[in-house]
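*Asks:* To be precise about what I am sending: the file is called coords_18.txt and holds compact mmCIF, N, CA and C atoms.
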```
# COMPACT_ATOMS: atom_id res chain seq x y z
N MET A 1 0.83 -1.19 0.00
CA MET A 1 0.00 0.00 0.00
C MET A 1 0.87 1.25 0.00
N PHE A 2 0.33 2.29 -0.56
CA PHE A 2 1.02 3.56 -0.60
C PHE A 2 0.40 4.52 0.40
N ASN A 3 1.22 5.36 0.95
CA ASN A 3 0.75 6.38 1.87
C ASN A 3 1.33 7.70 1.38
N GLU A 4 0.66 8.31 0.42
CA GLU A 4 1.15 9.57 -0.14
C GLU A 4 -0.01 10.56 -0.21
N VAL A 5 0.26 11.78 0.23
CA VAL A 5 -0.74 12.82 0.27
C VAL A 5 -0.19 14.05 -0.45
N ILE A 6 -1.03 14.66 -1.27
CA ILE A 6 -0.69 15.94 -1.87
C ILE A 6 -1.85 16.86 -1.58
N LEU A 7 -1.57 17.98 -0.93
CA LEU A 7 -2.64 18.92 -0.60
C LEU A 7 -2.20 20.32 -0.93
N SER A 8 -3.18 21.16 -1.17
CA SER A 8 -2.89 22.57 -1.42
C SER A 8 -3.87 23.41 -0.63
N GLY A 9 -3.44 24.58 -0.26
CA GLY A 9 -4.27 25.49 0.51
C GLY A 9 -3.46 26.70 0.93
N ARG A 10 -3.98 27.40 1.89
CA ARG A 10 -3.30 28.59 2.41
C ARG A 10 -2.75 28.29 3.79
N LEU A 11 -1.61 28.91 4.09
CA LEU A 11 -1.01 28.74 5.41
C LEU A 11 -1.83 29.48 6.46
N GLY A 12 -2.00 28.84 7.59
CA GLY A 12 -2.71 29.46 8.70
C GLY A 12 -1.79 30.39 9.48
N LYS A 13 -2.21 30.75 10.68
CA LYS A 13 -1.40 31.64 11.52
C LYS A 13 -0.07 31.01 11.83
N LEU A 14 0.97 31.79 11.69
CA LEU A 14 2.32 31.29 11.92
C LEU A 14 2.97 31.97 13.12
N GLU A 15 2.15 32.38 14.09
CA GLU A 15 2.69 33.11 15.24
C GLU A 15 3.60 32.24 16.11
N HIS A 16 3.41 30.93 16.09
CA HIS A 16 4.25 30.03 16.88
C HIS A 16 5.25 29.27 16.02
N LEU A 17 5.46 29.75 14.80
CA LEU A 17 6.37 29.05 13.90
C LEU A 17 7.80 29.24 14.37
N GLN A 18 8.44 28.14 14.69
CA GLN A 18 9.84 28.16 15.09
C GLN A 18 10.44 26.78 14.87
N LEU A 19 11.75 26.75 14.75
CA LEU A 19 12.44 25.47 14.65
C LEU A 19 12.58 24.89 16.05
N ARG A 20 12.27 23.64 16.17
CA ARG A 20 12.44 22.96 17.45
C ARG A 20 13.51 21.91 17.26
N GLY A 21 14.44 21.83 18.19
CA GLY A 21 15.54 20.90 18.06
C GLY A 21 16.84 21.63 17.78
N ASP A 22 17.75 20.97 17.11
CA ASP A 22 19.08 21.53 16.82
C ASP A 22 19.25 21.77 15.33
N PRO A 23 19.09 23.04 14.87
CA PRO A 23 19.23 23.32 13.44
C PRO A 23 20.64 23.10 12.89
N GLU A 24 21.64 23.12 13.75
CA GLU A 24 23.02 22.93 13.29
C GLU A 24 23.24 21.51 12.77
N THR A 25 22.59 20.54 13.35
CA THR A 25 22.77 19.15 12.94
C THR A 25 21.61 18.65 12.08
N ASP A 26 20.73 19.54 11.67
CA ASP A 26 19.53 19.20 10.90
C ASP A 26 18.58 18.28 11.67
N ASN A 27 18.75 18.18 12.96
CA ASN A 27 17.83 17.41 13.81
C ASN A 27 16.81 18.38 14.39
N CYS A 28 16.01 18.96 13.49
CA CYS A 28 15.04 19.96 13.90
C CYS A 28 13.73 19.72 13.16
N LYS A 29 12.67 20.34 13.66
CA LYS A 29 11.35 20.18 13.04
C LYS A 29 10.55 21.46 13.24
N CYS A 30 9.49 21.59 12.47
CA CYS A 30 8.55 22.69 12.65
C CYS A 30 7.15 22.17 12.34
N TYR A 31 6.17 22.83 12.92
CA TYR A 31 4.77 22.48 12.72
C TYR A 31 4.07 23.65 12.05
N PHE A 32 3.11 23.35 11.18
CA PHE A 32 2.29 24.40 10.58
C PHE A 32 0.97 23.78 10.14
N ASP A 33 -0.01 24.63 9.89
CA ASP A 33 -1.34 24.19 9.48
C ASP A 33 -1.67 24.75 8.10
N VAL A 34 -2.33 23.93 7.30
CA VAL A 34 -2.77 24.35 5.97
C VAL A 34 -4.29 24.32 5.96
N ALA A 35 -4.89 25.41 5.47
CA ALA A 35 -6.34 25.51 5.39
C ALA A 35 -6.79 25.12 3.99
N SER A 36 -7.72 24.19 3.93
CA SER A 36 -8.29 23.77 2.66
C SER A 36 -9.79 24.04 2.74
N SER A 37 -10.28 24.93 1.90
CA SER A 37 -11.69 25.33 1.95
C SER A 37 -12.47 24.71 0.81
N TYR A 38 -13.74 24.48 1.07
CA TYR A 38 -14.62 23.94 0.04
C TYR A 38 -16.04 24.41 0.33
N TYR A 39 -16.88 24.37 -0.70
CA TYR A 39 -18.29 24.76 -0.57
C TYR A 39 -19.17 23.52 -0.59
N SER A 40 -20.19 23.54 0.25
CA SER A 40 -21.18 22.46 0.26
C SER A 40 -22.27 22.80 -0.75
N LYS A 41 -22.56 21.87 -1.63
CA LYS A 41 -23.60 22.12 -2.63
C LYS A 41 -24.98 22.14 -2.01
N THR A 42 -25.17 21.37 -0.96
CA THR A 42 -26.50 21.28 -0.35
C THR A 42 -26.82 22.48 0.51
N THR A 43 -25.87 22.95 1.34
CA THR A 43 -26.15 24.07 2.24
C THR A 43 -25.61 25.39 1.72
N GLU A 44 -24.81 25.34 0.64
CA GLU A 44 -24.20 26.53 0.04
C GLU A 44 -23.39 27.34 1.06
N GLU A 45 -22.72 26.63 1.94
CA GLU A 45 -21.85 27.26 2.93
C GLU A 45 -20.41 26.86 2.65
N GLN A 46 -19.50 27.69 3.11
CA GLN A 46 -18.08 27.40 2.96
C GLN A 46 -17.57 26.73 4.23
N TYR A 47 -16.81 25.67 4.06
CA TYR A 47 -16.20 24.96 5.18
C TYR A 47 -14.69 24.96 5.00
N THR A 48 -13.98 24.92 6.11
CA THR A 48 -12.52 24.90 6.06
C THR A 48 -12.02 23.73 6.89
N ASP A 49 -11.16 22.93 6.30
CA ASP A 49 -10.47 21.86 7.02
C ASP A 49 -9.05 22.34 7.31
N TRP A 50 -8.60 22.16 8.54
CA TRP A 50 -7.23 22.51 8.92
C TRP A 50 -6.42 21.23 9.01
N ILE A 51 -5.39 21.15 8.20
CA ILE A 51 -4.55 19.96 8.16
C ILE A 51 -3.23 20.29 8.84
N HIS A 52 -2.86 19.48 9.84
CA HIS A 52 -1.63 19.69 10.59
C HIS A 52 -0.47 19.06 9.83
N CYS A 53 0.63 19.80 9.73
CA CYS A 53 1.81 19.30 9.00
C CYS A 53 3.04 19.42 9.88
N LYS A 54 4.00 18.52 9.62
CA LYS A 54 5.26 18.54 10.34
C LYS A 54 6.39 18.36 9.32
N ALA A 55 7.37 19.25 9.36
CA ALA A 55 8.53 19.17 8.46
C ALA A 55 9.79 18.96 9.30
N TRP A 56 10.74 18.21 8.76
CA TRP A 56 11.98 17.90 9.46
C TRP A 56 13.19 18.41 8.69
N GLY A 57 14.29 18.63 9.40
CA GLY A 57 15.60 18.91 8.82
C GLY A 57 15.65 20.14 7.93
N ASN A 58 16.26 19.98 6.74
CA ASN A 58 16.42 21.10 5.82
C ASN A 58 15.08 21.65 5.34
N LEU A 59 14.08 20.77 5.18
CA LEU A 59 12.75 21.24 4.79
C LEU A 59 12.18 22.18 5.84
N ALA A 60 12.35 21.84 7.10
CA ALA A 60 11.85 22.68 8.19
C ALA A 60 12.57 24.03 8.19
N LYS A 61 13.88 24.02 8.01
CA LYS A 61 14.63 25.29 7.99
C LYS A 61 14.20 26.15 6.82
N ARG A 62 14.04 25.54 5.65
CA ARG A 62 13.61 26.30 4.47
C ARG A 62 12.21 26.85 4.65
N PHE A 63 11.33 26.07 5.25
CA PHE A 63 9.96 26.52 5.48
C PHE A 63 9.94 27.72 6.43
N VAL A 64 10.64 27.63 7.55
CA VAL A 64 10.66 28.71 8.53
C VAL A 64 11.22 29.99 7.93
N ASN A 65 12.22 29.88 7.07
CA ASN A 65 12.85 31.06 6.48
C ASN A 65 11.99 31.73 5.41
N ASN A 66 11.10 31.00 4.76
CA ASN A 66 10.39 31.55 3.60
C ASN A 66 8.88 31.66 3.73
N ALA A 67 8.27 30.96 4.65
CA ALA A 67 6.81 30.93 4.75
C ALA A 67 6.26 32.19 5.42
N ARG A 68 5.14 32.63 4.91
CA ARG A 68 4.43 33.78 5.48
C ARG A 68 2.95 33.43 5.57
N GLU A 69 2.31 33.94 6.57
CA GLU A 69 0.89 33.68 6.80
C GLU A 69 0.06 34.05 5.57
N GLY A 70 -0.84 33.16 5.18
CA GLY A 70 -1.73 33.42 4.06
C GLY A 70 -1.20 33.00 2.71
N MET A 71 0.07 32.55 2.64
CA MET A 71 0.63 32.13 1.36
C MET A 71 -0.04 30.86 0.87
N LEU A 72 -0.12 30.72 -0.45
CA LEU A 72 -0.61 29.50 -1.05
C LEU A 72 0.53 28.48 -1.03
N ILE A 73 0.20 27.24 -0.66
CA ILE A 73 1.23 26.21 -0.53
C ILE A 73 0.71 24.88 -1.08
N GLU A 74 1.62 24.12 -1.65
CA GLU A 74 1.37 22.73 -2.01
C GLU A 74 2.29 21.89 -1.14
N VAL A 75 1.74 20.86 -0.53
CA VAL A 75 2.52 20.00 0.35
C VAL A 75 2.42 18.56 -0.14
N LYS A 76 3.55 17.89 -0.16
CA LYS A 76 3.58 16.47 -0.48
C LYS A 76 4.14 15.76 0.74
N GLY A 77 3.52 14.64 1.11
CA GLY A 77 3.99 13.92 2.29
C GLY A 77 3.24 12.64 2.50
N ARG A 78 3.29 12.16 3.74
CA ARG A 78 2.59 10.93 4.10
C ARG A 78 1.84 11.17 5.41
N LEU A 79 0.75 10.45 5.59
CA LEU A 79 -0.05 10.58 6.80
C LEU A 79 0.55 9.74 7.92
N LYS A 80 0.48 10.30 9.13
CA LYS A 80 0.97 9.57 10.29
C LYS A 80 0.11 9.94 11.50
N ASN A 81 -0.35 8.93 12.23
CA ASN A 81 -1.08 9.14 13.47
C ASN A 81 -0.09 9.14 14.62
N GLU A 82 -0.23 10.12 15.52
CA GLU A 82 0.64 10.20 16.68
C GLU A 82 -0.21 10.40 17.92
N THR A 83 0.22 9.80 19.03
CA THR A 83 -0.47 9.97 20.29
C THR A 83 0.48 10.64 21.27
N TYR A 84 0.00 11.72 21.90
CA TYR A 84 0.79 12.45 22.88
C TYR A 84 -0.15 12.91 23.97
N ASN A 85 0.16 12.60 25.22
CA ASN A 85 -0.70 12.94 26.36
C ASN A 85 -2.13 12.46 26.13
N GLU A 86 -2.26 11.24 25.65
CA GLU A 86 -3.56 10.60 25.41
C GLU A 86 -4.41 11.31 24.37
N GLN A 87 -3.80 12.15 23.55
CA GLN A 87 -4.50 12.79 22.43
C GLN A 87 -3.93 12.24 21.14
N GLU A 88 -4.81 11.83 20.26
CA GLU A 88 -4.36 11.31 18.97
C GLU A 88 -4.58 12.36 17.90
N ARG A 89 -3.54 12.62 17.12
CA ARG A 89 -3.62 13.58 16.02
C ARG A 89 -3.06 12.93 14.77
N THR A 90 -3.55 13.38 13.65
CA THR A 90 -3.04 12.94 12.36
C THR A 90 -2.26 14.09 11.74
N PHE A 91 -1.04 13.82 11.34
CA PHE A 91 -0.17 14.81 10.72
C PHE A 91 0.16 14.39 9.30
N VAL A 92 0.51 15.36 8.48
CA VAL A 92 1.16 15.08 7.21
C VAL A 92 2.65 15.29 7.47
N ILE A 93 3.43 14.24 7.34
CA ILE A 93 4.89 14.35 7.46
C ILE A 93 5.38 14.81 6.10
N VAL A 94 5.90 16.02 6.04
CA VAL A 94 6.21 16.69 4.78
C VAL A 94 7.48 16.11 4.16
N THR A 95 7.37 15.74 2.87
CA THR A 95 8.54 15.29 2.12
C THR A 95 8.91 16.31 1.04
N GLY A 96 8.05 17.29 0.81
CA GLY A 96 8.32 18.35 -0.15
C GLY A 96 7.21 19.39 -0.09
N PHE A 97 7.54 20.60 -0.47
CA PHE A 97 6.52 21.65 -0.52
C PHE A 97 6.90 22.70 -1.54
N ARG A 98 5.89 23.43 -1.99
CA ARG A 98 6.09 24.58 -2.89
C ARG A 98 5.30 25.74 -2.32
N LEU A 99 5.95 26.87 -2.21
CA LEU A 99 5.28 28.10 -1.78
C LEU A 99 5.05 28.95 -3.02
N TYR A 100 3.86 29.53 -3.11
CA TYR A 100 3.53 30.37 -4.26
C TYR A 100 3.40 31.81 -3.80
N LYS A 101 4.10 32.68 -4.49
CA LYS A 101 4.08 34.09 -4.15
C LYS A 101 2.84 34.72 -4.79
N THR A 102 1.75 34.71 -4.04
CA THR A 102 0.51 35.33 -4.48
C THR A 102 0.10 36.35 -3.44
N ALA A 103 -0.89 37.11 -3.75
CA ALA A 103 -1.37 38.08 -2.78
C ALA A 103 -2.00 37.34 -1.60
N PRO A 104 -1.51 37.56 -0.40
CA PRO A 104 -2.11 36.88 0.75
C PRO A 104 -3.50 37.43 1.05
N ARG A 105 -4.31 36.61 1.65
CA ARG A 105 -5.65 37.05 2.02
C ARG A 105 -5.63 37.95 3.25
N VAL A 106 -4.58 37.86 4.02
CA VAL A 106 -4.48 38.64 5.24
C VAL A 106 -3.67 39.90 4.95
N GLU A 107 -4.17 41.04 5.43
CA GLU A 107 -3.43 42.28 5.25
C GLU A 107 -2.18 42.25 6.13
N SER A 108 -1.04 42.43 5.52
CA SER A 108 0.21 42.43 6.26
C SER A 108 1.22 43.30 5.52
N GLU A 109 2.33 43.55 6.17
CA GLU A 109 3.39 44.33 5.55
C GLU A 109 4.08 43.50 4.47
N PRO A 110 4.58 44.14 3.41
CA PRO A 110 5.29 43.39 2.38
C PRO A 110 6.53 42.71 2.96
N VAL A 111 6.81 41.51 2.47
CA VAL A 111 7.93 40.73 2.97
C VAL A 111 8.80 40.34 1.79
N GLU A 112 10.12 40.48 1.97
CA GLU A 112 11.04 40.05 0.91
C GLU A 112 11.24 38.55 1.03
N ILE A 113 11.16 37.87 -0.10
CA ILE A 113 11.31 36.43 -0.13
C ILE A 113 12.44 36.09 -1.09
N ASN A 114 13.31 35.20 -0.66
CA ASN A 114 14.42 34.75 -1.48
C ASN A 114 13.87 33.93 -2.64
N GLU A 115 13.92 34.49 -3.86
CA GLU A 115 13.33 33.83 -5.04
C GLU A 115 13.98 32.48 -5.32
N GLU A 116 15.29 32.35 -5.12
CA GLU A 116 15.96 31.07 -5.38
C GLU A 116 15.41 29.98 -4.49
N GLU A 117 15.29 30.28 -3.19
CA GLU A 117 14.77 29.30 -2.25
C GLU A 117 13.32 28.97 -2.54
N LEU A 118 12.54 29.98 -2.94
CA LEU A 118 11.12 29.80 -3.19
C LEU A 118 10.87 28.90 -4.39
N ASN A 119 11.71 28.99 -5.40
CA ASN A 119 11.50 28.26 -6.64
C ASN A 119 12.18 26.91 -6.70
N LYS A 120 12.77 26.45 -5.60
CA LYS A 120 13.38 25.12 -5.60
C LYS A 120 12.31 24.09 -5.81
N ASN A 121 12.55 23.17 -6.67
CA ASN A 121 11.58 22.13 -6.97
C ASN A 121 11.79 20.98 -5.99
N GLU A 122 10.89 20.83 -5.03
CA GLU A 122 11.03 19.80 -4.00
C GLU A 122 10.27 18.53 -4.33
N PHE A 123 9.38 18.55 -5.32
CA PHE A 123 8.60 17.36 -5.62
C PHE A 123 9.37 16.41 -6.48
```
Give the structure from this file in structure tokens form.

*Replies:*
Amino acid sequence: MFNEVILSGRLGKLEHLQLRGDPETDNCKCYFDVASSYYSKTTEEQYTDWIHCKAWGNLAKRFVNNAREGMLIEVKGRLKNETYNEQERTFVIVTGFRLYKTAPRVESEPVEINEEELNKNEF
């Protein structure tokens, strides 16, 4: 069986975005959430699913350096269930991502983004 997920959406709030672990040895990780919205045909309402993601090593460092709240993102990874303090959560363990420089939905100050890092093909 295969366990591969590809999702796209907008990045959620990144107020707690930080590298955890030791970035010098690439033994680090970061967590972020991706919002995927859809409309219900029956109720004509918009719903949003929040997907929890976890990136490790160089991917985590690259994500922390380039990601901004509200950016459009494509994530490739695998699903993993984890239990911590008797709470079970499902994460996407990120194996690659693409950030798209589009107008964010959230009003914020302009941010300079390293174009070389942004355009790296991770898939």

*Asks:* Show me as a VMD selection string the residues that reach within 6 Å of (-1.6, 27.6, 1.4), counting only N, CA and C atoms and using the file's own coordinates.

*Replies:* chain A and resid 8 to 11 34 to 35 70 to 74

*Asks:* Mind pulling up the distance from atom N of Thr43 (chain A) to atom N of Gly12 (chain A)?

*Replies:*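 Separation between atom N of Gly12 (chain A) and atom N of Thr43 (chain A): 25.4 Å.
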
*Asks:* Would you compute the distance between CA of Pro23 (chain A) and CA of Phe97 (chain A)? Give it in Å to one decimal.

*Replies:*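 Here the two named atoms are 19.0 Å from each other.
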
*Asks:* Could you go through chain A and tell me which residues DSSP, when run on the backbone, assigns to strand (DSSP E), listing them as a ChimeraX atom specification?

*Replies:* /A:5-11,20-22,27-39,46-56,72-84,87-100

*Asks:* Give me, as a tab-separated table (two decimals) with N, CA and C atoms, keeping the file's coordinate frame, all polymer residues having an atom no more than 6.5 Å from Tyr38 (chain A), counting only N, CA and C atoms and skipping those fewer than 2 positions away in the same chain.

*Replies:*
```
chain	number	residue	atom	x	y	z
A	36	SER	N	-7.72	24.19	3.93
A	36	SER	CA	-8.29	23.77	2.66
A	36	SER	C	-9.79	24.04	2.74
A	40	SER	N	-20.19	23.54	0.25
A	40	SER	CA	-21.18	22.46	0.26
A	40	SER	C	-22.27	22.80	-0.75
A	45	GLU	N	-22.72	26.63	1.94
A	45	GLU	CA	-21.85	27.26	2.93
A	45	GLU	C	-20.41	26.86	2.65
A	46	GLN	N	-19.50	27.69	3.11
A	46	GLN	CA	-18.08	27.40	2.96
A	46	GLN	C	-17.57	26.73	4.23
A	47	TYR	N	-16.81	25.67	4.06
A	47	TYR	CA	-16.20	24.96	5.18
A	47	TYR	C	-14.69	24.96	5.00
A	48	THR	N	-13.98	24.92	6.11
A	48	THR	CA	-12.52	24.90	6.06
A	48	THR	C	-12.02	23.73	6.89
A	49	ASP	N	-11.16	22.93	6.30
A	49	ASP	CA	-10.47	21.86	7.02
A	49	ASP	C	-9.05	22.34	7.31
```

*Asks:* How many Å lie between CA of Thr83 (chain A) and atom C of Arg62 (chain A), rounded to one decimal?

*Replies:*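 The value is 26.3 Å.
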
*Asks:* Rank A:Val75, A:Cys28, A:Ile51, A:Leu99 by their smallest atom-to-atom distance to Val5 (chain A), using all atoms listed in the file, and report the top residue only.

*Replies:*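 Distance minimum relative to Val5 (chain A) lands on A:Val75.
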
*Asks:* Select, counting only C-alpha atoms, all protein, DNA and RNA residues no farther than 12 Å from (18.8, 21.8, 16.7) in file coordinates, and express the selection as an MDAnalysis selection string.

*Replies:* chainID A and resid 18:30 56:58 60:61

*Asks:* Between A:Lys54, A:Lys41, A:His16, A:Lys101, which residue has the minimum interatomic distance to Gly77 (chain A), considering only C-alpha atoms?

*Replies:* A:Lys54
